[in-house]
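Participant: Structure in structure tokens, see below.
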Amino acid sequence: MIGAERAAVDLMLSYLSTNPVEKLPLMLSLAERLDRGGLHRSQIRGIRKALLDEGSVWRTFVENLFRDVDLKIIKKGVSNFIVNATLQGSARMRAMEAERDINVPWAILMDPTSACNLSCKGCWAAEYDRHSNLSYEDMDSICRQGKELGIHFYIFSGGEPLVRANDIIRLCEAHQDCFFMAFTNGTLVTDELCEEMLRVGNFALALSIEGDEEATDMRRGKGTYRKVLEAMERLRRHKLLFGYSTCYHRYNTESVASDEFVDDMIARGCKFSWNFTYIPVGKGAPTDLLATAEQRAYMYRRIRHIRATKPIFAMDFWNDGEFSDGCIAGGRRYLHINANGDVEPCAFIHFSNVNIHDVTLLEALQSPLFMAYRKRHPFNQNHLRPCPLLDNPEMLRDMVKESRAVSTDMAEPDDVDELCGRTELAAKRWAEVADRLWYGAGGHVDGAGKSQVASKK
């Protein structure tokens, strides 16, 4: 970072210390200066419009953020997540993509361990070997290599990542220019961990919850729901940044998208939500949990309603394809490194050509499966059908066979034809509904659900 940019960041951080909400216009002006090449110009303009409207839900969101979250964490979020990872890291990533003709991800998802203290029904990691671990040195090397490519956002999954809480905190301390997040079942959140999270300042949690107590305990085990709520209360008391992660399926979609549930999560201190739809990953994975096409359309509408009316940053991993121009996997926005070191295009695609113990991160991005992703993207011109497994299973089948990728499910390797066979019917049914949403009245739907005439690339 050159001197002028460093000075702009320091000034932005100083604005956070006193009356930050009043200084939003000044901070947004600095963000525009830090946006190399104008990559985020339209997003910054949209944020400016939303935040400067005192009656907007996003203004309320920011006010709540400054009220509920320790200033140290907010400063780390601005410096590392917004400036390093987004405003400046994106420019370096795009330059590397142009130079090497590869995808360079904005975030890396990695599994510190495959071990877990729960055994959830339909877990996407269920077929991994439960005894695999990435060493601290492995994770440190991934972060160091990633930063060379412009990547400053790292996410932990598993297994249960907080089994390795000490190493994660150590990693956060070693890479103070990065921001970290973990998907956790919440049962290992202690006051001691909260104190360490506040000390390092660059670590947030997304706690897994499936709706109400009955729905959560059905998938995660009796008593889990109460433990998650206890974890949220600990995090709230320590003024930490946290949110929730939910997997919507046939039996809980209406519950997790309800006003009652979302309002309760906001009241408990959640500032963001990750909404995933169930994927039958692993041999023997139940297909009855797959959400129906109507439920997925319902979630599409509900997430947009929640964003427009509630002070929480809500993300829908599949139905937000219209904002990311399709699938974000394969290194396009993120990749996954499992606890055995296998570099996979997605947390739900357990196939790989390479292992991080044998290749560099850059070489992994140049591997046959990742290049197959780059060559074929987008997998569908309807970006409400972005996924090569759930929405276009023929695409995943072709890419795996073309690249000669192998299954990384060590407990019981999966066959790509069998995997794709488990989603084909759901893909066909969703295609009919998604095409009506996307192509209605000759165009695609905007965030408010209104049809907009648009040409497809």
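Ordered as shown in the structure tokens, chains take letters A, B, and onward, while each chain numbers its residues from 1 and ligands are numbered from 1 in the order shown.
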Apply DSSP to the backbone of this structure and, from region 242-391 of chain A, keep only the residues in helix (DSSP H, G or I); write these as a count of residues only.
Facilitator: 48
Participant: Could you pull out all residues of region 183-424 of chain A with a DSSP call of strand (DSSP E) and give them as a PyMOL selection string?
Facilitator: chain A and resi 183-184+203-208+242-248+272-277+313-316+334-337+343-344+351-352+406-407
Participant: Just the number, please: distance in Å from CA of Gly341 (chain A) to CA of Ser403 (chain A), one decimal.
Facilitator: 18.6 Å
Participant: Can you pull out the residues contacting Phe156 (chain A)? Cut-off 9 Å, using only C-alpha atoms, and skip same-chain residues under 2 positions away; I want them as a VMD selection string.
Facilitator: chain A and resid 108 to 112 154 158 160 to 162 168 180 to 184
Participant: Kindly save the residues from that selection, with C-alpha atoms included, as a PDB file, in the first residue's frame.
Facilitator:
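Output saved as result_23.pdb:
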ATOM      1  CA  ILE A 108     -10.588 -19.167   0.665  1.00  0.00           C
ATOM      2  CA  LEU A 109     -12.644 -21.670   2.655  1.00  0.00           C
ATOM      3  CA  MET A 110     -10.506 -24.224   4.485  1.00  0.00           C
ATOM      4  CA  ASP A 111     -11.096 -26.987   7.020  1.00  0.00           C
ATOM      5  CA  PRO A 112      -8.690 -26.957   9.979  1.00  0.00           C
ATOM      6  CA  TYR A 154     -10.373 -16.642   4.985  1.00  0.00           C
ATOM      7  CA  GLY A 158     -15.035 -28.568   8.893  1.00  0.00           C
ATOM      8  CA  GLU A 160     -16.059 -28.346  13.621  1.00  0.00           C
ATOM      9  CA  PRO A 161     -13.359 -25.679  13.181  1.00  0.00           C
ATOM     10  CA  LEU A 162     -13.406 -24.598  16.824  1.00  0.00           C
ATOM     11  CA  ILE A 168      -7.224 -20.335  14.510  1.00  0.00           C
ATOM     12  CA  PHE A 180     -11.363 -14.515   9.286  1.00  0.00           C
ATOM     13  CA  MET A 181     -14.730 -16.185   9.830  1.00  0.00           C
ATOM     14  CA  ALA A 182     -15.760 -19.673  10.931  1.00  0.00           C
ATOM     15  CA  PHE A 183     -18.909 -21.693  10.369  1.00  0.00           C
ATOM     16  CA  THR A 184     -19.460 -23.377  13.734  1.00  0.00           C
TER      17      THR A 184
END
Participant: Could you pull the residues within 8 Å of Phe276 (chain A), counting only C-alpha atoms, minus those fewer than 5 positions along the same chain, as an MDAnalysis selection string?
Facilitator: chainID A and resid 245:248 316:318
Participant: With C-alpha atoms kept, could you save the residues just selected as a compact mmCIF listing (two decimals), in the first residue's frame?
Facilitator:
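Output (again24.txt):
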# COMPACT_ATOMS: atom_id res chain seq x y z
CA SER A 245 -25.88 -19.95 9.10
CA THR A 246 -28.84 -22.09 8.13
CA CYS A 247 -29.45 -24.92 5.71
CA TYR A 248 -32.96 -24.71 4.32
CA ASP A 316 -28.47 -16.79 -0.18
CA PHE A 317 -25.64 -18.95 -1.51
CA TRP A 318 -27.59 -20.23 -4.53
Participant: Sorted by chain and rising residue number, list the residues of region 283-323 of chain A at most 9 Å from region 254-265 of chain A (counting only C-alpha atoms), each with its closest atom pair and distance in Å to one decimal, as JSON lines.
Facilitator:
{"residue": "A:Gln295", "atom": "CA", "partner": "A:Glu254", "partner_atom": "CA", "distance": 7.7}
{"residue": "A:Tyr298", "atom": "CA", "partner": "A:Glu254", "partner_atom": "CA", "distance": 8.1}
{"residue": "A:Met299", "atom": "CA", "partner": "A:Ala257", "partner_atom": "CA", "distance": 6.7}
{"residue": "A:Arg302", "atom": "CA", "partner": "A:Ala257", "partner_atom": "CA", "distance": 6.3}
{"residue": "A:Ile303", "atom": "CA", "partner": "A:Ala257", "partner_atom": "CA", "distance": 7.4}
{"residue": "A:Ile306", "atom": "CA", "partner": "A:Asp259", "partner_atom": "CA", "distance": 8.2}
{"residue": "A:Lys310", "atom": "CA", "partner": "A:Asp263", "partner_atom": "CA", "distance": 7.9}
{"residue": "A:Ile312", "atom": "CA", "partner": "A:Val262", "partner_atom": "CA", "distance": 8.8}
Participant: Rank A:Leu365, A:Ile266, A:Leu24, A:Cys420 by their smallest atom-to-atom distance to Ile279 (chain A), using only C-alpha atoms, and report the top residue only.
Facilitator: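 Closest to Ile279 (chain A) of all the choices is A:Cys420.
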Participant: Excluding Gln43 (chain A) and its own-chain neighbours fewer than 5 positions away, which residues fall within 12 Å of it when counting only C-alpha atoms? Please give them as a list in words.
Facilitator: Leu28, Ala31, Glu32, Asp35, Gly38, Arg48, Lys49, Ala50, Thr86, Leu87 and Phe323 of chain A
Participant: Excluding Phe61 (chain A) and any residue of its chain fewer than 4 positions from it, enumerate the residues within 9 Å of it, using only C-alpha atoms, and give them as a ChimeraX atom specification.
Facilitator: /A:56-57,65-66,271,310-313
Participant: With N, CA, C and O atoms retained, could you export that selection as an mmCIF file, in the first residue's frame?
Facilitator:
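Writing done, so here's again_19.cif:
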data_model
loop_
_atom_site.group_PDB
_atom_site.id
_atom_site.type_symbol
_atom_site.label_atom_id
_atom_site.label_comp_id
_atom_site.auth_asym_id
_atom_site.auth_seq_id
_atom_site.Cartn_x
_atom_site.Cartn_y
_atom_site.Cartn_z
ATOM 1 N N SER A 56 -33.748 4.398 6.048
ATOM 2 C CA SER A 56 -33.502 3.111 5.401
ATOM 3 C C SER A 56 -33.114 2.045 6.414
ATOM 4 O O SER A 56 -32.554 2.323 7.476
ATOM 5 N N VAL A 57 -33.395 0.787 6.074
ATOM 6 C CA VAL A 57 -33.054 -0.321 6.942
ATOM 7 C C VAL A 57 -31.540 -0.465 7.062
ATOM 8 O O VAL A 57 -31.022 -0.908 8.103
ATOM 9 N N LEU A 65 -24.843 -1.768 14.336
ATOM 10 C CA LEU A 65 -23.491 -2.314 14.317
ATOM 11 C C LEU A 65 -22.580 -1.539 15.263
ATOM 12 O O LEU A 65 -21.858 -2.125 16.083
ATOM 13 N N PHE A 66 -22.618 -0.225 15.178
ATOM 14 C CA PHE A 66 -21.774 0.595 16.049
ATOM 15 C C PHE A 66 -22.218 0.522 17.509
ATOM 16 O O PHE A 66 -21.403 0.667 18.417
ATOM 17 N N LYS A 271 -25.699 -10.159 13.030
ATOM 18 C CA LYS A 271 -25.563 -9.064 12.074
ATOM 19 C C LYS A 271 -25.553 -9.549 10.628
ATOM 20 O O LYS A 271 -25.614 -8.752 9.701
ATOM 21 N N LYS A 310 -35.301 -5.555 7.009
ATOM 22 C CA LYS A 310 -34.729 -5.930 8.304
ATOM 23 C C LYS A 310 -33.237 -5.581 8.364
ATOM 24 O O LYS A 310 -32.521 -5.759 7.375
ATOM 25 N N PRO A 311 -32.762 -5.116 9.529
ATOM 26 C CA PRO A 311 -31.360 -4.708 9.665
ATOM 27 C C PRO A 311 -30.421 -5.890 9.869
ATOM 28 O O PRO A 311 -29.835 -6.090 10.940
ATOM 29 N N ILE A 312 -30.267 -6.694 8.840
ATOM 30 C CA ILE A 312 -29.344 -7.818 8.853
ATOM 31 C C ILE A 312 -28.850 -8.029 7.431
ATOM 32 O O ILE A 312 -29.601 -7.834 6.464
ATOM 33 N N PHE A 313 -27.573 -8.392 7.268
ATOM 34 C CA PHE A 313 -27.009 -8.636 5.947
ATOM 35 C C PHE A 313 -27.242 -10.103 5.614
ATOM 36 O O PHE A 313 -26.566 -10.993 6.139
#
Participant: With distances taken over only C-alpha atoms, which residue among A:Met197, A:Thr253, A:Cys116, A:Arg41 lies nearest Asn185 (chain A)?
Facilitator: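 Comparing A:Met197, A:Thr253, A:Cys116, A:Arg41 against Asn185 (chain A), the winner is A:Cys116.
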Participant: Write out as a list of chain:residue names which residues come within 7 Å of Ser352 (chain A) when counting only C-alpha atoms, dropping same-chain ones fewer than 4 positions away.
Facilitator: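 Once the adjacent positions are removed, what remains is A:Asp342, A:Val343, A:Glu344, A:Leu369, A:Ala405, A:Val406, A:Ser407, A:Thr408.
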Participant: A:Lys227, A:Lys76, A:His357, A:His152: which is nearest Ala107 (chain A), counting only C-alpha atoms?
Facilitator: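 Distance minimum relative to Ala107 (chain A) lands on A:His152.
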Participant: My list of candidates is A:Thr190, A:Asn19, A:Ser324, A:Asn202. Which is closest to Leu241 (chain A) when distances are computed with only C-alpha atoms?
Facilitator: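 Nearest to Leu241 (chain A): A:Asn202.
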